[in-house]
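J.: What follows is a single structure, and I will ask about it in a moment.
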Amino acid sequence: MSRIGVFDSGLGGYSIAYAIFKQYPLQDIVFLADQINVPYGNKEENELEDILYSRMSWFNRQGICDVILACNTSSVLKLERVLKDFPNMRLHRIIDLTVDQIKGQNLHEVIVLATKVTVESHAYQKRINVISPKTKVFEIALVDLAKLIEDLVDDHQLDLELDRHLSGFKHRKLPFIMGCTHYPLIEAKLNDYLKGKGYSSIRPILDRNDLFSVGSGNFVCYTTGNSDRLKRQIAVLFKHKQAILHIDI
Ligand code: DGL
């Protein structure tokens with residue numbers, strides 16, 4: 001395996017691509033943030049299928065066969081057309097990996113925080129039922145949270161969104177799964193609000209060492225949105241400078 005693609009609607013995927021870059025510094029990575037379309041989580045599935053088709057065909061044209069869908073919302077789609085037209089591509093979805101962290105823990109209850117599309121698919125509920133059938137699952141759609149994170153809003157606006165959807169769980173110390181890759185960017189706030197143990201997708205992706213190999217360590221970041229905006233978002237959230245290229249697809 002050589003270059004690997006990492007894909008998301010925006011910053012959530014960057015946190016995964018950057019974590020891969022730090023853990024596997026010789027891996028060649030092409031990250032694509034589809035920020036012209038962010039947020040994905042409130043769109044119709046048909047529209048998302050079309051968007052994903054064009055984005056995956058872009059990776060295919062770059063000669064990249066392995067793409068990590070660092071996006072739960074994309075991971076719940078069927079993507080039949082992509083798989084049919086690009087049989088050489090392997091799309092690595094993240095939901096099962098994320099859920100499998102709670103295997104064997106006999107959790108009585110767990111909260112799944114995700115986008116509307118992900119919650120409506122019940123992909124988390126289904127997987128949890130398979131690996132931990134006795135666990136009661138609360139799937140909560142935080143409908144505007146990914147967009148608020150992209151907009152770098154202040155704490156007060158984040159609190160309003162959490163109060164709108166999560167007030168019944170405040171300080172109840174229930175474990176929670178961050179079923180959207182944007183949410184670990186405000187993990188401290190979620191921990192403070194819920195007070196339970198949080199699970200994200202980052203660790204289980206890094207543990208998939210079969211996906212990674214030794215190359216030249218090129219880490220290239222593209223956005224379909226505004227490259228200066230993504231540079232600024234990364235500077236604020238990750239405290240470093242990242243070169244970003246804009247592409248029209
Ligand atoms: N970060 C993505 C996810 O994991 C998408 C968020 C969005 O664009 O709504 O679901």
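Identifiers for the structure tokens are assigned positionally: chains receive A, B, ... in sequence, residues are indexed from 1 per chain, and ligands are indexed from 1 in the order shown.
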May I have the residues within 9 Å of ligand 1, computed using only C-alpha atoms and all ligand atoms, as JSON, numbers by chain?

T.: {"A": [8, 9, 10, 11, 12, 13, 34, 35, 37, 38, 39, 40, 41, 42, 43, 69, 70, 71, 72, 73, 74, 75, 94, 114, 115, 116, 117, 118, 143, 144, 145, 146, 147, 178, 179, 180, 181, 182, 183]}

J.: Could the residues in this selection be saved with C-alpha atoms as an mmCIF file, in the first residue's frame?

T.:
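Just written: out24.cif:
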data_model
loop_
_atom_site.group_PDB
_atom_site.id
_atom_site.type_symbol
_atom_site.label_atom_id
_atom_site.label_comp_id
_atom_site.auth_asym_id
_atom_site.auth_seq_id
_atom_site.Cartn_x
_atom_site.Cartn_y
_atom_site.Cartn_z
ATOM 1 C CA ASP A 8 -14.234 14.165 5.267
ATOM 2 C CA SER A 9 -16.462 17.180 4.839
ATOM 3 C CA GLY A 10 -13.960 19.211 6.857
ATOM 4 C CA LEU A 11 -11.980 19.551 10.060
ATOM 5 C CA GLY A 12 -12.914 16.201 11.603
ATOM 6 C CA GLY A 13 -11.035 14.431 8.843
ATOM 7 C CA ASP A 34 -15.022 18.834 1.096
ATOM 8 C CA GLN A 35 -15.713 22.122 2.804
ATOM 9 C CA ASN A 37 -20.382 21.056 1.044
ATOM 10 C CA VAL A 38 -19.923 21.091 4.821
ATOM 11 C CA PRO A 39 -21.998 20.137 6.781
ATOM 12 C CA TYR A 40 -22.909 16.771 5.312
ATOM 13 C CA GLY A 41 -24.991 15.718 8.281
ATOM 14 C CA ASN A 42 -28.258 17.440 7.341
ATOM 15 C CA LYS A 43 -28.244 16.657 3.616
ATOM 16 C CA LEU A 69 -13.817 7.673 5.088
ATOM 17 C CA ALA A 70 -12.942 9.760 8.127
ATOM 18 C CA CYS A 71 -16.559 10.782 8.201
ATOM 19 C CA ASN A 72 -19.361 8.847 9.854
ATOM 20 C CA THR A 73 -22.011 10.451 7.684
ATOM 21 C CA SER A 74 -20.248 9.182 4.532
ATOM 22 C CA SER A 75 -19.647 5.824 6.184
ATOM 23 C CA ILE A 94 -15.113 3.956 10.539
ATOM 24 C CA ALA A 114 -23.728 12.022 15.677
ATOM 25 C CA THR A 115 -25.168 13.937 12.741
ATOM 26 C CA LYS A 116 -28.798 13.638 11.695
ATOM 27 C CA VAL A 117 -27.987 11.368 8.725
ATOM 28 C CA THR A 118 -25.906 9.055 10.919
ATOM 29 C CA VAL A 143 -27.774 18.811 14.163
ATOM 30 C CA ASP A 144 -25.726 22.000 14.031
ATOM 31 C CA LEU A 145 -22.621 21.033 15.969
ATOM 32 C CA ALA A 146 -20.282 20.182 13.070
ATOM 33 C CA LYS A 147 -21.085 23.510 11.402
ATOM 34 C CA MET A 178 -18.323 10.648 19.355
ATOM 35 C CA GLY A 179 -19.987 9.402 16.182
ATOM 36 C CA CYS A 180 -18.886 12.407 14.150
ATOM 37 C CA THR A 181 -15.215 13.107 13.578
ATOM 38 C CA HIS A 182 -15.713 16.807 14.250
ATOM 39 C CA TYR A 183 -16.706 16.208 17.870
#

J.: Each residue of region 185-219 of chain A with at least one atom at most 12 Å from region 160-165 of chain A should appear once, together with its nearest atom pair and the corresponding distance in Å (one decimal); atoms considered: only C-alpha atoms; ordering: chain, then increasing residue number; output as JSON lines.

T.:
{"residue": "A:Ile186", "atom": "CA", "partner": "A:Leu162", "partner_atom": "CA", "distance": 11.4}
{"residue": "A:Lys189", "atom": "CA", "partner": "A:Leu162", "partner_atom": "CA", "distance": 9.6}
{"residue": "A:Leu190", "atom": "CA", "partner": "A:Leu162", "partner_atom": "CA", "distance": 8.4}
{"residue": "A:Asn191", "atom": "CA", "partner": "A:Leu162", "partner_atom": "CA", "distance": 11.7}
{"residue": "A:Asp192", "atom": "CA", "partner": "A:Leu162", "partner_atom": "CA", "distance": 11.2}
{"residue": "A:Tyr193", "atom": "CA", "partner": "A:Leu162", "partner_atom": "CA", "distance": 8.1}
{"residue": "A:Leu194", "atom": "CA", "partner": "A:Leu162", "partner_atom": "CA", "distance": 9.8}

J.: For the atom pair CA of Gly215 (chain A) and CA of Asp100 (chain A), what is the interatomic distance in Å to one decimal place?

T.: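 CA of Asp100 (chain A) lies at a distance of 29.2 Å from CA of Gly215 (chain A).
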
J.: Record the distance separating CA of Ile247 (chain A) and CA of Leu148 (chain A), expressed in Å with one decimal.

T.: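 Computing the Euclidean distance for CA of Ile247 (chain A) and CA of Leu148 (chain A) yields 23.5 Å.
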
J.: Skip Tyr14 (chain A) itself and residues of its chain fewer than 3 positions away, then list as a list in words all residues within 9 Å of it, counting only C-alpha atoms.

T.: Val6, Phe7, Asp8, Gly10, Leu11, Ala17, Tyr18, Ala19, Phe31, Leu32, Ala33, Ala70, Cys221 and Ile234 of chain A

J.: Identify all residues of region 9-140 of chain A in helix (DSSP H, G or I) (DSSP on the backbone) and supply them as an MDAnalysis selection string.

T.: chainID A and resid 11:23 45:61 72:75 80:85 95:102 116:121 123:131

J.: Report, in Å to a single decimal, how far apart CA of Gly198 (chain A) and CA of Gly104 (chain A) are.

T.: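 Distance between the two atoms: 16.1 Å.
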
J.: Find the residue from A:Leu26, A:Leu237, A:Val130, A:Ile95 that sits nearest to Ser213 (chain A); use only C-alpha atoms when measuring.

T.: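 Nearest candidate to Ser213 (chain A) out of A:Leu26, A:Leu237, A:Val130, A:Ile95: A:Leu26.
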
J.: Please extract the residues of region 10-122 of chain A with a backbone DSSP assignment of strand (DSSP E) and present them as a list of chain:residue names.

T.: A:Ile29, A:Val30, A:Phe31, A:Leu32, A:Ala33, A:Asp66, A:Val67, A:Ile68, A:Leu69, A:Arg90, A:Leu91, A:His92, A:Glu109, A:Val110, A:Ile111, A:Val112, A:Leu113, A:Ala114

J.: Those selected residues, please, written with N, CA and C atoms and delivered as a PDB file, in the first residue's frame.

T.:
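What follows is the written file out15.pdb:
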ATOM      1  N   ILE A  29       0.127  10.706   2.536  1.00  0.00           N
ATOM      2  CA  ILE A  29      -1.299  10.938   2.824  1.00  0.00           C
ATOM      3  C   ILE A  29      -1.835  12.040   1.920  1.00  0.00           C
ATOM      4  N   VAL A  30      -2.980  11.793   1.320  1.00  0.00           N
ATOM      5  CA  VAL A  30      -3.690  12.854   0.601  1.00  0.00           C
ATOM      6  C   VAL A  30      -5.014  13.069   1.324  1.00  0.00           C
ATOM      7  N   PHE A  31      -5.127  14.226   1.942  1.00  0.00           N
ATOM      8  CA  PHE A  31      -6.355  14.539   2.686  1.00  0.00           C
ATOM      9  C   PHE A  31      -7.224  15.483   1.855  1.00  0.00           C
ATOM     10  N   LEU A  32      -8.500  15.155   1.766  1.00  0.00           N
ATOM     11  CA  LEU A  32      -9.451  16.035   1.069  1.00  0.00           C
ATOM     12  C   LEU A  32     -10.573  16.421   2.029  1.00  0.00           C
ATOM     13  N   ALA A  33     -10.722  17.726   2.227  1.00  0.00           N
ATOM     14  CA  ALA A  33     -11.823  18.269   3.037  1.00  0.00           C
ATOM     15  C   ALA A  33     -12.826  18.879   2.056  1.00  0.00           C
ATOM     16  N   ASP A  66      -6.891   3.262  -1.717  1.00  0.00           N
ATOM     17  CA  ASP A  66      -7.385   3.116  -0.341  1.00  0.00           C
ATOM     18  C   ASP A  66      -7.769   4.475   0.212  1.00  0.00           C
ATOM     19  N   VAL A  67      -9.036   4.606   0.559  1.00  0.00           N
ATOM     20  CA  VAL A  67      -9.497   5.880   1.125  1.00  0.00           C
ATOM     21  C   VAL A  67     -10.167   5.601   2.467  1.00  0.00           C
ATOM     22  N   ILE A  68      -9.680   6.277   3.500  1.00  0.00           N
ATOM     23  CA  ILE A  68     -10.342   6.206   4.812  1.00  0.00           C
ATOM     24  C   ILE A  68     -11.467   7.231   4.798  1.00  0.00           C
ATOM     25  N   LEU A  69     -12.682   6.753   4.957  1.00  0.00           N
ATOM     26  CA  LEU A  69     -13.817   7.673   5.088  1.00  0.00           C
ATOM     27  C   LEU A  69     -13.815   8.152   6.539  1.00  0.00           C
ATOM     28  N   ARG A  90     -10.751   0.674  -2.337  1.00  0.00           N
ATOM     29  CA  ARG A  90     -11.201   0.144  -1.046  1.00  0.00           C
ATOM     30  C   ARG A  90     -11.535   1.338  -0.155  1.00  0.00           C
ATOM     31  N   LEU A  91     -12.790   1.396   0.246  1.00  0.00           N
ATOM     32  CA  LEU A  91     -13.228   2.491   1.112  1.00  0.00           C
ATOM     33  C   LEU A  91     -13.293   1.967   2.536  1.00  0.00           C
ATOM     34  N   HIS A  92     -12.560   2.598   3.432  1.00  0.00           N
ATOM     35  CA  HIS A  92     -12.477   2.114   4.815  1.00  0.00           C
ATOM     36  C   HIS A  92     -13.414   2.943   5.685  1.00  0.00           C
ATOM     37  N   GLU A 109     -25.509   1.422  29.581  1.00  0.00           N
ATOM     38  CA  GLU A 109     -26.064   2.438  28.683  1.00  0.00           C
ATOM     39  C   GLU A 109     -24.923   3.163  27.983  1.00  0.00           C
ATOM     40  N   VAL A 110     -25.198   3.658  26.789  1.00  0.00           N
ATOM     41  CA  VAL A 110     -24.195   4.480  26.088  1.00  0.00           C
ATOM     42  C   VAL A 110     -24.921   5.524  25.238  1.00  0.00           C
ATOM     43  N   ILE A 111     -24.324   6.709  25.166  1.00  0.00           N
ATOM     44  CA  ILE A 111     -24.886   7.760  24.311  1.00  0.00           C
ATOM     45  C   ILE A 111     -24.066   7.792  23.026  1.00  0.00           C
ATOM     46  N   VAL A 112     -24.738   7.876  21.887  1.00  0.00           N
ATOM     47  CA  VAL A 112     -24.045   8.075  20.610  1.00  0.00           C
ATOM     48  C   VAL A 112     -24.379   9.480  20.124  1.00  0.00           C
ATOM     49  N   LEU A 113     -23.354  10.291  19.965  1.00  0.00           N
ATOM     50  CA  LEU A 113     -23.540  11.655  19.450  1.00  0.00           C
ATOM     51  C   LEU A 113     -23.150  11.637  17.986  1.00  0.00           C
ATOM     52  N   ALA A 114     -24.033  12.117  17.103  1.00  0.00           N
ATOM     53  CA  ALA A 114     -23.728  12.022  15.677  1.00  0.00           C
ATOM     54  C   ALA A 114     -24.562  13.040  14.906  1.00  0.00           C
TER      55      ALA A 114
END

J.: When distances are computed from only C-alpha atoms, which of A:Gly5, A:Ile36, A:Ile128, A:Ser200 shows the smallest separation from Asn226 (chain A)?

T.: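 Among A:Gly5, A:Ile36, A:Ile128, A:Ser200, it is A:Ile36 that comes nearest to Asn226 (chain A).
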